[in-house]
Every structure is written in structure tokens, then in C-alpha cells.
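Trainee: Sending over my_file.txt (compact mmCIF, C-alpha atoms and all ligand atoms).
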# COMPACT_ATOMS: atom_id res chain seq x y z
CA MET A 1 16.10 -19.58 14.33
CA ASN A 2 13.04 -17.52 15.15
CA ASN A 3 15.31 -14.73 16.24
CA GLU A 4 16.95 -14.76 12.84
CA ILE A 5 13.58 -14.65 11.13
CA ASP A 6 12.55 -11.68 13.25
CA GLN A 7 15.79 -9.95 12.39
CA GLU A 8 15.34 -10.49 8.66
CA LEU A 9 11.82 -9.08 8.88
CA LYS A 10 13.07 -6.08 10.80
CA LYS A 11 15.70 -5.42 8.14
CA ILE A 12 13.00 -5.37 5.46
CA GLN A 13 10.98 -2.87 7.48
CA GLU A 14 14.02 -0.64 7.98
CA LYS A 15 14.94 -0.70 4.32
CA LEU A 16 11.52 0.55 3.21
CA LYS A 17 11.80 3.85 1.41
CA PRO A 18 8.71 6.02 1.56
CA PRO A 19 7.97 7.88 -1.68
CA SER A 20 6.98 11.55 -1.59
CA ILE A 21 3.88 12.68 -3.43
CA ALA A 22 2.82 16.29 -3.89
CA ILE A 23 -0.91 16.79 -4.32
CA ILE A 24 -1.42 20.03 -6.15
CA GLY A 25 -4.65 21.70 -7.22
CA ARG A 26 -6.96 24.59 -6.50
CA THR A 27 -8.79 24.75 -3.22
CA GLY A 28 -11.83 22.52 -3.20
CA ALA A 29 -10.52 20.33 -6.04
CA GLY A 30 -10.69 17.28 -3.81
CA LYS A 31 -7.07 16.85 -2.71
CA SER A 32 -7.86 15.86 0.87
CA SER A 33 -10.65 13.56 -0.23
CA LEU A 34 -8.28 11.79 -2.61
CA ILE A 35 -5.60 11.33 0.05
CA LYS A 36 -8.15 9.98 2.50
CA ALA A 37 -9.56 7.56 -0.04
CA ILE A 38 -6.25 6.19 -1.32
CA PHE A 39 -4.39 5.87 1.97
CA GLY A 40 -7.31 5.19 4.33
CA LEU A 41 -6.51 8.28 6.37
CA ASP A 42 -9.09 10.22 8.30
CA ASP A 43 -9.71 13.92 8.79
CA ASP A 44 -7.65 14.07 11.97
CA GLU A 45 -4.59 12.69 10.23
CA ILE A 46 -4.59 15.28 7.48
CA ALA A 47 -6.01 18.27 9.37
CA VAL A 48 -4.29 21.56 8.58
CA ASP A 49 -2.65 21.93 11.97
CA VAL A 50 -1.32 18.35 11.90
CA GLY A 51 0.79 18.99 8.80
CA LEU A 52 4.34 20.20 9.10
CA PRO A 53 4.63 23.55 7.26
CA VAL A 54 7.18 23.33 4.45
CA THR A 55 6.41 26.52 2.54
CA LYS A 56 3.67 29.14 2.83
CA SER A 57 1.11 26.82 1.26
CA TYR A 58 2.54 23.32 1.52
CA ARG A 59 2.41 21.01 4.46
CA LYS A 60 3.97 17.62 4.95
CA TYR A 61 1.95 14.63 6.18
CA PRO A 62 1.75 12.46 8.15
CA ASN A 63 3.24 14.43 10.98
CA PRO A 64 4.96 13.31 13.04
CA TYR A 65 6.20 10.92 10.40
CA ASN A 66 4.52 7.66 11.11
CA PRO A 67 6.47 4.56 10.04
CA ASP A 68 3.22 2.63 9.88
CA ILE A 69 2.19 4.78 6.93
CA PRO A 70 5.25 4.60 4.68
CA ILE A 71 4.42 7.59 2.52
CA ILE A 72 5.18 11.30 2.55
CA LEU A 73 2.45 13.58 1.26
CA TYR A 74 2.66 17.28 0.49
CA ASP A 75 -0.72 19.01 0.48
CA SER A 76 -1.75 22.65 0.26
CA PRO A 77 -4.82 22.80 2.46
CA GLY A 78 -7.24 25.60 1.68
CA TYR A 79 -5.25 28.39 0.11
CA GLU A 80 -7.24 31.57 -0.36
CA VAL A 81 -8.76 31.88 -3.81
CA SER A 82 -8.09 35.60 -3.80
CA LYS A 83 -4.38 34.87 -3.57
CA THR A 84 -3.96 32.72 -6.64
CA ASP A 85 -0.80 34.50 -7.75
CA ASP A 86 0.83 33.88 -4.40
CA PHE A 87 -0.19 30.25 -4.58
CA LEU A 88 1.31 29.86 -8.02
CA GLU A 89 4.55 31.49 -6.97
CA ASP A 90 4.75 29.34 -3.87
CA THR A 91 3.99 26.17 -5.85
CA LEU A 92 6.74 26.84 -8.40
CA LYS A 93 9.21 27.60 -5.63
CA PHE A 94 8.16 24.47 -3.75
CA LEU A 95 8.63 22.26 -6.82
CA GLY A 96 12.05 23.74 -7.46
CA GLU A 97 13.20 23.20 -3.90
CA LYS A 98 11.89 19.65 -3.82
CA SER A 99 13.26 18.59 -7.17
CA LEU A 100 16.18 16.27 -7.56
CA TYR A 101 18.35 19.26 -8.51
CA ASN A 102 18.02 20.88 -5.10
CA THR A 103 17.60 18.09 -2.58
CA PRO A 104 20.50 16.33 -0.85
CA SER A 105 19.41 12.89 -2.04
CA VAL A 106 16.81 11.17 -4.15
CA ASP A 107 15.05 10.15 -0.93
CA ASP A 108 14.18 13.78 -0.18
CA CYS A 109 12.78 14.89 -3.50
CA ILE A 110 9.23 14.66 -4.78
CA HIS A 111 8.76 11.41 -6.67
CA LEU A 112 5.35 12.17 -8.12
CA VAL A 113 2.84 14.98 -8.49
CA TRP A 114 -0.88 14.39 -8.61
CA TYR A 115 -2.16 17.48 -10.31
CA LEU A 116 -5.87 17.81 -9.64
CA ILE A 117 -8.29 19.54 -11.95
CA HIS A 118 -11.89 19.70 -10.77
CA ALA A 119 -13.82 17.99 -13.58
CA GLY A 120 -17.15 19.31 -12.30
CA LEU A 121 -16.03 22.90 -12.89
CA SER A 122 -14.75 22.13 -16.38
CA ARG A 123 -12.30 24.97 -16.18
CA ILE A 124 -8.61 25.05 -16.88
CA GLU A 125 -6.83 27.80 -14.97
CA TYR A 126 -4.05 29.95 -16.36
CA PHE A 127 -1.64 28.45 -13.84
CA ASP A 128 -2.40 24.80 -14.59
CA LYS A 129 -0.17 24.77 -17.62
CA GLN A 130 2.64 26.59 -15.87
CA VAL A 131 2.75 24.22 -12.91
CA ILE A 132 2.61 21.14 -15.12
CA GLU A 133 5.35 22.47 -17.37
CA THR A 134 7.54 23.34 -14.39
CA ALA A 135 7.18 19.86 -12.89
CA LEU A 136 8.11 18.31 -16.22
CA SER A 137 11.13 20.56 -16.70
CA LEU A 138 12.29 19.57 -13.22
CA LYS A 139 11.91 15.91 -14.21
CA ILE A 140 9.22 15.29 -11.62
CA PRO A 141 6.74 12.66 -12.84
CA ILE A 142 3.22 14.03 -12.95
CA ILE A 143 -0.22 12.49 -13.29
CA ILE A 144 -3.12 14.75 -14.09
CA VAL A 145 -6.14 13.77 -12.04
CA LEU A 146 -9.56 14.91 -13.17
CA SER A 147 -11.32 14.91 -9.83
CA GLN A 148 -15.00 14.74 -8.87
CA CYS A 149 -15.84 13.09 -12.20
CA ASP A 150 -19.11 11.81 -10.75
CA ILE A 151 -20.60 15.28 -11.01
CA ALA A 152 -19.25 16.09 -14.46
CA LYS A 153 -21.57 15.44 -17.38
CA PRO A 154 -20.02 13.02 -19.90
CA LYS A 155 -20.03 15.69 -22.60
CA GLU A 156 -18.34 18.23 -20.33
CA LEU A 157 -15.77 15.67 -19.35
CA SER A 158 -14.85 14.80 -22.89
CA GLU A 159 -14.64 18.49 -23.80
CA LEU A 160 -12.41 19.15 -20.81
CA LYS A 161 -10.11 16.36 -21.86
CA LYS A 162 -9.99 17.64 -25.41
CA LYS A 163 -9.19 21.14 -24.24
CA LEU A 164 -6.54 19.82 -21.90
CA SER A 165 -4.84 17.74 -24.60
CA TYR A 166 -4.83 20.80 -26.83
CA ILE A 167 -3.29 23.04 -24.16
CA LEU A 168 -0.73 20.47 -23.11
CA ALA A 169 0.30 19.33 -26.60
CA ASP A 170 3.28 21.64 -26.93
CA ILE A 171 4.54 20.89 -23.41
CA GLU A 172 4.34 17.20 -24.14
CA GLN A 173 6.21 17.65 -27.37
CA ARG A 174 8.95 19.66 -25.76
CA ALA A 175 9.35 17.19 -22.92
CA ASN A 176 9.00 14.30 -25.35
CA THR A 177 6.46 12.61 -23.13
CA GLN A 178 2.78 11.87 -22.97
CA LEU A 179 1.05 13.09 -19.85
CA LYS A 180 -1.20 10.66 -18.10
CA ILE A 181 -4.71 11.96 -17.50
CA MET A 182 -6.88 9.96 -15.12
CA GLU A 183 -10.51 10.28 -14.08
CA VAL A 184 -11.35 9.88 -10.42
CA SER A 185 -14.32 10.11 -8.07
CA ALA A 186 -12.96 9.86 -4.54
CA ASP A 187 -15.93 11.09 -2.54
CA PRO A 188 -18.94 10.89 -4.85
CA ILE A 189 -22.43 12.18 -4.20
CA PRO A 190 -25.07 9.61 -3.11
CA GLY A 191 -26.02 7.31 -5.95
CA LYS A 192 -22.62 7.58 -7.65
CA THR A 193 -19.74 5.21 -7.05
CA VAL A 194 -16.13 5.69 -6.10
CA SER A 195 -14.03 5.22 -9.21
CA GLY A 196 -10.57 5.50 -10.65
CA LEU A 197 -8.67 4.94 -7.41
CA LYS A 198 -7.25 1.53 -8.28
CA GLU A 199 -6.18 2.81 -11.67
CA LEU A 200 -4.52 5.86 -10.16
CA THR A 201 -2.73 3.63 -7.67
CA LYS A 202 -1.39 1.39 -10.42
CA ALA A 203 -0.28 4.30 -12.57
CA SER A 204 1.42 5.94 -9.59
CA ILE A 205 3.40 2.81 -8.74
CA LYS A 206 4.59 2.73 -12.33
CA ALA A 207 5.54 6.40 -12.26
CA ILE A 208 7.68 6.42 -9.10
CA PRO A 209 11.17 4.92 -8.98
CA GLU A 210 10.98 1.19 -8.32
CA SER A 211 12.78 1.29 -4.99
CA TYR A 212 9.84 3.27 -3.56
CA SER A 213 7.08 1.10 -4.93
CA GLU A 214 6.94 -1.38 -2.07
CA ALA A 215 6.25 1.40 0.42
CA PHE A 216 3.55 2.82 -1.84
CA ILE A 217 1.91 -0.59 -2.17
CA ARG A 218 1.90 -0.92 1.60
CA ALA A 219 0.57 2.59 2.24
CA GLN A 220 -2.33 2.49 -0.21
CA THR A 221 -5.54 0.80 0.85
CA VAL A 222 -7.57 0.65 -2.38
CA ASN A 223 -5.86 -2.10 -4.33
CA VAL A 224 -5.61 -4.92 -1.83
CA LYS A 225 -4.50 -7.53 -4.36
CA LEU A 226 -1.32 -5.57 -5.12
CA LYS A 227 -0.21 -6.27 -1.58
CA ARG A 228 0.17 -9.99 -2.24
CA ARG A 229 3.49 -9.54 -3.96
CA VAL A 230 4.93 -7.72 -0.95
CA ALA A 231 3.43 -10.21 1.51
CA TYR A 232 4.73 -13.24 -0.41
CA SER A 233 8.20 -11.81 -0.55
CA LEU A 234 8.12 -11.40 3.22
CA VAL A 235 6.96 -15.01 3.71
CA ALA A 236 9.67 -16.21 1.32
CA THR A 237 12.29 -14.29 3.27
CA ALA A 238 11.15 -15.87 6.53
CA ALA A 239 11.13 -19.36 4.98
CA GLY A 240 14.50 -18.75 3.35
CA VAL A 241 16.09 -18.24 6.76
CA CYS A 242 15.87 -22.02 7.22
CA PHE A 243 18.47 -22.41 4.49
CA GLY A 244 22.04 -21.29 4.21
CA SER A 245 23.60 -19.41 1.34
CA ALA A 246 23.91 -22.49 -0.84
CA PHE A 247 20.35 -23.38 -0.01
CA VAL A 248 21.34 -26.14 2.32
CA PRO A 249 19.42 -26.63 5.52
CA ILE A 250 20.88 -24.83 8.48
CA PRO A 251 21.79 -27.30 11.18
CA GLY A 252 19.89 -26.65 14.35
CA SER A 253 16.63 -25.75 12.64
CA THR A 254 14.86 -28.07 14.99
CA PRO A 255 11.08 -28.30 15.07
CA ILE A 256 11.09 -26.80 18.51
CA SER A 257 13.01 -23.80 17.30
CA ILE A 258 10.72 -23.20 14.37
CA ILE A 259 7.31 -24.20 15.62
CA GLY A 260 5.56 -21.41 17.26
CA THR A 261 3.02 -19.02 15.96
CA GLN A 262 5.65 -16.77 14.39
CA PRO A 263 4.08 -13.62 15.86
CA THR A 264 6.54 -11.24 14.16
CA LEU A 265 5.80 -12.68 10.75
CA LEU A 266 2.05 -12.54 11.33
CA ALA A 267 2.17 -8.98 12.66
CA SER A 268 4.38 -7.85 9.76
CA LEU A 269 1.90 -9.33 7.29
CA ALA A 270 -1.04 -7.61 8.99
CA LYS A 271 0.83 -4.32 8.65
CA ILE A 272 1.14 -4.76 4.91
CA TYR A 273 -2.65 -4.91 4.82
CA ASN A 274 -2.81 -1.81 7.07
CA LEU A 275 -4.92 -3.80 9.48
CA ASP A 276 -3.12 -2.24 12.42
CA ARG A 277 -4.77 1.05 11.52
CA LEU A 278 -7.86 0.08 9.63
CA LEU A 279 -9.32 -2.49 11.98
CA ASP A 280 -9.60 0.01 14.78
CA LYS A 281 -11.27 2.51 12.50
CA GLY A 282 -13.68 -0.02 11.07
CA VAL A 283 -15.16 -1.01 14.38
CA ALA A 284 -16.65 1.97 16.12
CA THR A 285 -17.01 0.74 19.67
CA VAL A 286 -14.56 -2.06 20.18
CA THR A 287 -11.03 -2.38 18.96
CA LEU A 288 -9.54 -5.40 17.28
CA GLY A 289 -5.87 -4.77 16.81
CA ILE A 290 -3.06 -6.79 15.31
CA ASN A 291 -2.18 -8.43 18.60
CA ALA A 292 -5.71 -9.75 18.97
CA LEU A 293 -5.57 -11.12 15.43
CA VAL A 294 -2.20 -12.75 16.01
CA ALA A 295 -3.59 -14.37 19.16
CA ILE A 296 -6.62 -15.68 17.28
CA ALA A 297 -4.30 -16.97 14.57
CA GLY A 298 -2.22 -18.72 17.23
CA THR A 299 -5.16 -20.68 18.60
CA THR A 300 -6.26 -21.61 15.10
CA ILE A 301 -2.75 -22.85 14.25
CA LEU A 302 -2.76 -24.99 17.39
CA ASP A 303 -6.21 -26.37 16.51
CA VAL A 304 -5.08 -27.65 13.15
CA ALA A 305 -1.45 -28.20 14.06
CA THR A 306 -1.71 -31.96 14.29
CA THR A 307 -2.93 -32.19 10.72
CA ILE A 308 -0.22 -29.86 9.47
CA PHE A 309 2.53 -31.55 11.37
CA SER A 310 1.60 -35.08 10.45
CA ALA A 311 1.51 -33.98 6.82
CA ILE A 312 4.83 -32.17 6.62
CA PHE A 313 6.95 -33.90 9.19
CA PRO A 314 8.41 -37.33 8.52
CA PRO A 315 6.23 -40.13 9.89
CA LEU A 316 8.68 -40.94 12.63
CA PHE A 317 9.18 -37.37 13.61
CA ILE A 318 10.02 -36.83 17.24
CA PRO A 319 9.83 -33.29 18.53
CA GLY A 320 13.26 -31.99 19.40
CA GLU A 321 15.08 -34.05 16.84
CA SER A 322 16.88 -32.24 14.07
CA ILE A 323 14.72 -31.73 11.03
CA THR A 324 15.65 -30.53 7.65
CA GLY A 325 15.35 -26.95 6.54
CA ILE A 326 12.63 -28.13 4.17
CA VAL A 327 10.31 -29.08 6.96
CA ALA A 328 10.94 -25.88 8.85
CA ALA A 329 10.48 -23.81 5.70
CA SER A 330 7.29 -25.71 4.83
CA TYR A 331 5.84 -24.87 8.19
CA ILE A 332 6.60 -21.17 7.78
CA LEU A 333 5.28 -21.13 4.22
CA ILE A 334 2.01 -22.76 5.21
CA ILE A 335 1.39 -20.34 8.05
CA GLY A 336 2.57 -17.27 6.13
CA LEU A 337 0.67 -17.95 2.92
CA ALA A 338 -2.51 -18.96 4.76
CA TYR A 339 -2.34 -15.82 6.85
CA THR A 340 -1.79 -13.64 3.79
CA SER A 341 -4.87 -15.08 2.07
CA THR A 342 -6.90 -14.61 5.22
CA LEU A 343 -5.81 -11.00 5.64
CA GLU A 344 -6.66 -10.32 2.02
CA ALA A 345 -10.12 -11.78 2.53
CA VAL A 346 -10.63 -9.76 5.72
CA SER A 347 -9.57 -6.59 3.93
CA ILE A 348 -11.87 -7.16 1.01
CA ASN A 349 -14.89 -8.51 2.87
CA TYR A 350 -14.72 -6.73 6.13
CA LEU A 351 -13.28 -3.25 5.79
CA ASN A 352 -16.14 -2.15 3.58
CA SER A 353 -18.86 -3.75 5.63
CA ASN A 354 -20.32 -3.21 9.03
CA MET A 355 -19.30 -6.46 10.69
CA ASN A 356 -18.70 -6.19 14.41
CA ARG A 357 -15.74 -7.57 16.27
CA GLU A 358 -17.32 -10.94 16.89
CA GLU A 359 -18.30 -11.41 13.28
CA VAL A 360 -14.83 -10.47 12.09
CA THR A 361 -13.27 -12.86 14.57
CA THR A 362 -15.47 -15.74 13.44
CA PHE A 363 -14.84 -14.97 9.80
CA PHE A 364 -11.12 -14.74 10.43
CA LYS A 365 -10.86 -18.03 12.35
CA ARG A 366 -12.88 -20.01 9.86
CA ARG A 367 -11.04 -18.62 6.89
CA PHE A 368 -7.61 -19.10 8.42
CA ALA A 369 -8.33 -22.74 9.29
CA TYR A 370 -9.50 -23.31 5.73
CA GLU A 371 -6.43 -21.59 4.24
CA LEU A 372 -4.05 -23.54 6.48
CA LYS A 373 -5.39 -26.79 5.11
CA ARG A 374 -5.28 -25.49 1.58
CA TYR A 375 -1.66 -24.37 1.79
CA GLN A 376 -0.64 -27.46 3.67
CA LYS A 377 -1.64 -29.46 0.59
CA GLU A 378 0.04 -27.01 -1.73
CA VAL A 379 3.33 -26.73 0.16
CA GLN A 380 3.51 -30.45 0.88
CA GLN A 381 4.01 -31.00 -2.85
CA LYS A 382 7.30 -29.11 -2.78
CA SER A 383 8.90 -32.02 -1.10
CA ASP A 384 12.44 -31.85 -2.39
CA MET A 385 15.14 -29.26 -2.22
CA LYS A 386 14.90 -28.18 -5.85
CA MET A 387 11.14 -27.67 -5.74
CA MET A 388 11.32 -25.84 -2.46
CA LYS A 389 14.01 -23.53 -3.75
CA GLU A 390 12.05 -22.80 -6.92
CA PHE A 391 8.90 -22.12 -4.93
CA ILE A 392 10.60 -19.67 -2.56
CA GLU A 393 12.23 -17.90 -5.49
CA SER A 394 8.93 -17.60 -7.35
CA LEU A 395 7.39 -16.03 -4.26
CA LYS A 396 10.21 -13.51 -4.13
CA ARG A 397 9.92 -12.68 -7.81
CA GLY A 398 6.17 -12.21 -7.54
CA ASP A 399 5.43 -15.01 -10.01
CA TYR A 400 3.26 -17.06 -7.72
CA ASN A 401 -0.43 -16.37 -8.10
CA PRO A 402 -2.81 -18.84 -6.52
CA GLN A 403 -6.51 -18.91 -7.32
CA ASP A 404 -8.78 -17.04 -4.95
N1 LIG B 1 -19.09 14.84 -5.83
C1 LIG B 1 -17.86 14.76 -5.36
N2 LIG B 1 -17.45 15.59 -4.39
C2 LIG B 1 -16.18 15.48 -3.94
C3 LIG B 1 -15.29 14.52 -4.47
N3 LIG B 1 -14.11 14.66 -3.84
C4 LIG B 1 -14.26 15.68 -2.98
N4 LIG B 1 -15.50 16.18 -3.02
C5 LIG B 1 -16.07 17.26 -2.23
O1 LIG B 1 -15.46 18.48 -2.58
C6 LIG B 1 -15.25 19.29 -1.44
C7 LIG B 1 -13.79 19.69 -1.32
O2 LIG B 1 -13.02 18.52 -1.16
P1 LIG B 1 -11.62 18.53 -0.44
O3 LIG B 1 -11.10 17.16 -0.54
O4 LIG B 1 -11.72 19.12 0.89
O5 LIG B 1 -10.81 19.52 -1.38
P2 LIG B 1 -9.33 20.08 -1.18
O6 LIG B 1 -8.72 20.12 -2.53
O7 LIG B 1 -8.63 19.33 -0.15
O8 LIG B 1 -9.60 21.56 -0.72
P3 LIG B 1 -8.66 22.49 0.15
O9 LIG B 1 -8.14 21.72 1.30
O10 LIG B 1 -9.55 23.60 0.54
O11 LIG B 1 -7.57 22.97 -0.74
C8 LIG B 1 -15.74 18.49 -0.25
O12 LIG B 1 -17.04 18.90 0.06
C9 LIG B 1 -15.76 17.07 -0.76
O13 LIG B 1 -16.74 16.27 -0.15
C10 LIG B 1 -15.77 13.64 -5.48
O14 LIG B 1 -15.07 12.74 -5.99
N5 LIG B 1 -17.04 13.81 -5.89
MG MG B 2 -7.69 19.85 1.65
Show this structure as C-alpha cells.
Ligand SMILES: Nc1nc2c(ncn2[C@@H]2O[C@H](COP(=O)(O)OP(=O)(O)OP(=O)(O)O)[C@@H](O)[C@H]2O)c(=O)[nH]1
Ligand SMILES: [Mg+2]

Mentor:
Amino acid sequence: MNNEIDQELKKIQEKLKPPSIAIIGRTGAGKSSLIKAIFGLDDDEIAVDVGLPVTKSYRKYPNPYNPDIPIILYDSPGYEVSKTDDFLEDTLKFLGEKSLYNTPSVDDCIHLVWYLIHAGLSRIEYFDKQVIETALSLKIPIIIVLSQCDIAKPKELSELKKKLSYILADIEQRANTQLKIMEVSADPIPGKTVSGLKELTKASIKAIPESYSEAFIRAQTVNVKLKRRVAYSLVATAAGVCFGSAFVPIPGSTPISIIGTQPTLLASLAKIYNLDRLLDKGVATVTLGINALVAIAGTTILDVATTIFSAIFPPLFIPGESITGIVAASYILIIGLAYTSTLEAVSINYLNSNMNREEVTTFFKRRFAYELKRYQKEVQQKSDMKMMKEFIESLKRGDYNPQD
């Protein structure tokens, strides 16, 4: 049974389709800063020589393609200002080549352009309009990002927006669309706050084709709550393995076969929260990887196992005896949902703080034990087949939203 769960989880991972985003804008606009902020990447990962050259100006990241970061980014690091014409020519060529019209499949084309305009400079370049118009004519979705808004004066910003709307009006009319303009501060000066990243993330997910959205949600690190939907669907898939096609329990789903710490499920969930990458970056001197977290989770599960088991298993339960799919599914749901909540809390409370490994571990253990009890109560209520089925389906649909 656990083998089947692992296989289902592997299938999900293999089916993930990474979207491609082109980040276009003049040198110094803040492209690299935006990529770093949204996807939690560091300088090394997006250094010029790490990118795979695609055209004269454009490079593909991450390189080599890293399945842990399910996103493809095209950046044009540091083109020479004196060669603006070359840059424009190269950009138009690049967009053409990477449009749906010229790529072998929809997986290879650009699914979204973030077009950056430096708000602090309050200047619209002659090529801005041309690039935007070209992207639109090639049917590439585009979001205009006013970057470095923290250093733009409010009056300048509103004038820039007015000017931009004026310049873009005829393009919008021709393409019969309204361009999205978003304000962002990805790497603000001291005293100013990061802003606009969550909004840009949401708008981007809306703009790309739906089959690529799950990968985008996984890759981004700014809107942690969005990840719930993906995590729940994974937990529901794992729990659903305990049932056959007609939602009848699969014979042989014995407690022994199902009880375990479900390391694959826990590791897959931690990946959704990017903890495999981010934990190591967060702690400067010691590492706390996914395996360590899964091990900590395992001991916590064992600590509270008696309570969980006595609650969900029939009173006369004898280990080794056949149990229904409901019991097996309940067990997986409790562990999976509790782990998801804990990971979310770790992401929100820890990744932006300076907790050390020990503090994170303590926080994690305490929170996980608390969440296990909470979800044990919640899942225990779905005690018949119909309720269980409805619950698993609501998790898959993304309709389940527990209180924090
Ligand atoms: N105040 C402020 N500065 C920013 C912001 N984003 C980026 N910067 C700064 O602007 C400078 C250029 O940022 P980059 O992200 O390197 O710009 P880029 O578009 O990648 O530039 P090239 O790689 O040269 O094309 C850096 O010094 C950043 O720290 C922001 O939101 N606010
Ligand atoms: Mg750059």
C-alpha cells in the first residue's frame, strides 16, 4: 500500500509542467532582484555564467534545469546601455522564436512576460512600446511591472502610470485587451518595505495556462498560503490510494501496511514549501534539511500515535488485522494535513526570522504535535464512507479551508 502511495506521488511530480517566464527590461531595472525575491533564489543561482545562453542577450535559468525549482526563467543580465538597438532587435527575435507559433509544443514557449519599467527613473523608453506590442501580437501574456516603486515619489508614480496608459491605449485597443500594470518593490532601500510580490504572484498564476499553475505555485516563495491547495491535493491523492475506483476500501490495507511515518508524503509536502532549499539557506552555520524534518516528524508521530490510533481505529483493533480503507485514509489525512499546517507555520514564522536550528526544531515538534491532535479530531468526524469521500474530494478541488 505504501508503495502505491509513493508511486502516485511520484506520478504527480513527473506530471508537473514548469511554466516559462521571460523577464524583460533595461539593465538595472531590477530583474534579478525580482527573480530572487519571488523564487527565493540567490545570486549564485542566477549569476550570468550559470545561465544557459539562448540568444545574444537572453539566458535560461536555472541551469542545469533543477526539478526542485519547477520554473524556467529567461533573463537578460546586464546588456550594455550603449547597445540598446541591438538589445531591442535581440528581444524581438527572442520573443518570436519563443512564441507558440515557432516552438514545437506549448511546453517550450514563453507563457508570460514580466516587462519591467524602473519606476524610480520615471522614463518610458522608445522600445518599451515596441516590445509590449510584439509580445501581444504573438499572443504572449504580459504583465507590466513598475519596479523599485519604493524610491519613486507618489506623484511621479501616478504620472508614470498616466503616461503609460496613454502610450499603451492604442495597443490595448488593437489587441482588445487591458494590460495589467503592477507596482513592486523587490529590494527596497532601508526603511521601505517589500511590496507587490504577492499580488504579482497571483496575477501571474492567473495569466499563465492553468496546467502550469501548480508548478508556479510550488516555485514561488512569497505567497505561502497559495501552496495549501497543492499540498491538500497531494494528501488527498495519498489518502485516496486506500480506496478503489468505486471508492470501496482496497482489501489488504492493513494497519501494518499503512502505519509508518509516510516519509515520501512528508518529503513531497516539504518540497511544495521549498523547505528543501530554503531551510539550508536560512540557517547560516548548520543545515536542517528535509530528511532531518521527516525524522523529527516521525518521532512526533510515534509520541502521539497512541492517541491517534485509539481515536481512529475501532476499539477492538488488533494490529495486523484487516482494517477498512477509511481507517487507513484517516491516518494518512491526519498526518498529511497536520504536516502541511506545520510546514506553513514554519515557512511563515521561521524563514523570515533568525531562529537557529534548535529553535526551529522545537517550534516544529511542538506545532506538529498540536496539529496532529487538531486534525485527529477533525478527521475522526468523517466516520462514514460518504463523508470521507466528500472530504477527500473537497481537498482535491481546493474547497477545504481550515482556520489558522
Ligand atoms: N530601491 C530599490 N532598489 C532596487 C529594487 N530592486 C532592485 N534594486 C536595486 O537596483 C539595482 C539593480 O538591480 P538588479 O536586480 O541587478 O537589476 P537587473 O535588471 O537585473 O540589471 P541587469 O542584470 O544589469 O540587467 C541593484 O542595486 C538593486 O539592489 C527595489 O525594489 N528598490
Ligand atoms: Mg540582472

Trainee: Please return as a list of chain:residue names the residues found within 7 Å of ligand LIG 1 (chain B), counting all atoms listed in the file.

Mentor: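 Counting all atoms listed in the file, the residues within 7 Å of ligand LIG 1 (chain B) come out as A:Gly25, A:Arg26, A:Thr27, A:Gly28, A:Ala29, A:Gly30, A:Lys31, A:Ser32, A:Ser33, A:Leu34, A:Ser76, A:Pro77, A:Gly78, A:Tyr79, A:Ser147, A:Gln148, A:Cys149, A:Asp150, A:Ile151, A:Val184, A:Ser185, A:Ala186, A:Asp187, A:Pro188, A:Ile189.
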
Trainee: Please, what distance in Å, to one decimal, runs between CA of Ile334 in chain A and CA of Val235 in chain A?

Mentor: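 Computing the Euclidean distance for CA of Ile334 in chain A and CA of Val235 in chain A yields 9.3 Å.
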
Trainee: From the list A:Ile21, A:Ile142, A:Glu4, A:Ser57, which residue is nearest ligand MG 2 (chain B) when using all atoms listed in the file?

Mentor: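 That would be A:Ser57, the residue with the smallest distance to ligand MG 2 (chain B).
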
Trainee: Using all atoms listed in the file, which protein or nucleic acid residues come within 12 Å of Lys389 in chain A? Drop anything in the same chain fewer than 2 positions from it, and give the result as a count of residues only.

Mentor: 30

Trainee: Which is closer to ligand MG 2 (chain B) than all the others in A:Leu160, A:Ile46, A:Ala22, A:Leu333, using all atoms listed in the file?

Mentor: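 Result for the nearest residue to ligand MG 2 (chain B): A:Ile46.
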
Trainee: I'd like the contact shell of range 220-229 of chain A - 8 Å cut-off, only C-alpha atoms, skipping same-chain residues fewer than 5 positions apart - returned as a PDB file with C-alpha atoms, keeping the file's coordinate frame.

Mentor:
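Ended up saving to selection.pdb:
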ATOM      1  CA  ALA A  37      -9.560   7.560  -0.040  1.00  0.00           C
ATOM      2  CA  ILE A  38      -6.250   6.190  -1.320  1.00  0.00           C
ATOM      3  CA  PHE A  39      -4.390   5.870   1.970  1.00  0.00           C
ATOM      4  CA  GLY A  40      -7.310   5.190   4.330  1.00  0.00           C
ATOM      5  CA  LEU A 197      -8.670   4.940  -7.410  1.00  0.00           C
ATOM      6  CA  LYS A 198      -7.250   1.530  -8.280  1.00  0.00           C
ATOM      7  CA  THR A 201      -2.730   3.630  -7.670  1.00  0.00           C
ATOM      8  CA  ILE A 272       1.140  -4.760   4.910  1.00  0.00           C
ATOM      9  CA  TYR A 273      -2.650  -4.910   4.820  1.00  0.00           C
ATOM     10  CA  ASN A 274      -2.810  -1.810   7.070  1.00  0.00           C
ATOM     11  CA  THR A 340      -1.790 -13.640   3.790  1.00  0.00           C
ATOM     12  CA  GLU A 344      -6.660 -10.320   2.020  1.00  0.00           C
ATOM     13  CA  SER A 347      -9.570  -6.590   3.930  1.00  0.00           C
ATOM     14  CA  ILE A 348     -11.870  -7.160   1.010  1.00  0.00           C
ATOM     15  CA  LEU A 395       7.390 -16.030  -4.260  1.00  0.00           C
ATOM     16  CA  LYS A 396      10.210 -13.510  -4.130  1.00  0.00           C
ATOM     17  CA  GLY A 398       6.170 -12.210  -7.540  1.00  0.00           C
TER      18      GLY A 398
END

Trainee: Here is a test: counting all atoms listed in the file, which residue of A:Lys93, A:Arg374, A:His111, A:Arg59 is nearest to Pro209 in chain A?

Mentor: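 Closest to Pro209 in chain A, using all atoms listed in the file: A:His111.
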
Trainee: Counting all atoms listed in the file, which residue out of A:Ser195, A:Ala292, A:Asp85, A:Ile308 sits closest to Val327 in chain A?

Mentor: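 With all atoms listed in the file as the atom set, the closest residue is A:Ile308.
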
Trainee: Around (-10.5, 22.0, -14.3), as given in the file, which residues come within 6 Å? Count all atoms listed in the file and list them as a count of residues only.

Mentor: 7

Trainee: Quick one: residues within 9 Å of Ser204 in chain A, only C-alpha atoms, excluding same-chain residues fewer than 5 positions away - as number ranges by chain?

Mentor: A: 112, 114, 142-143, 199, 213, 216
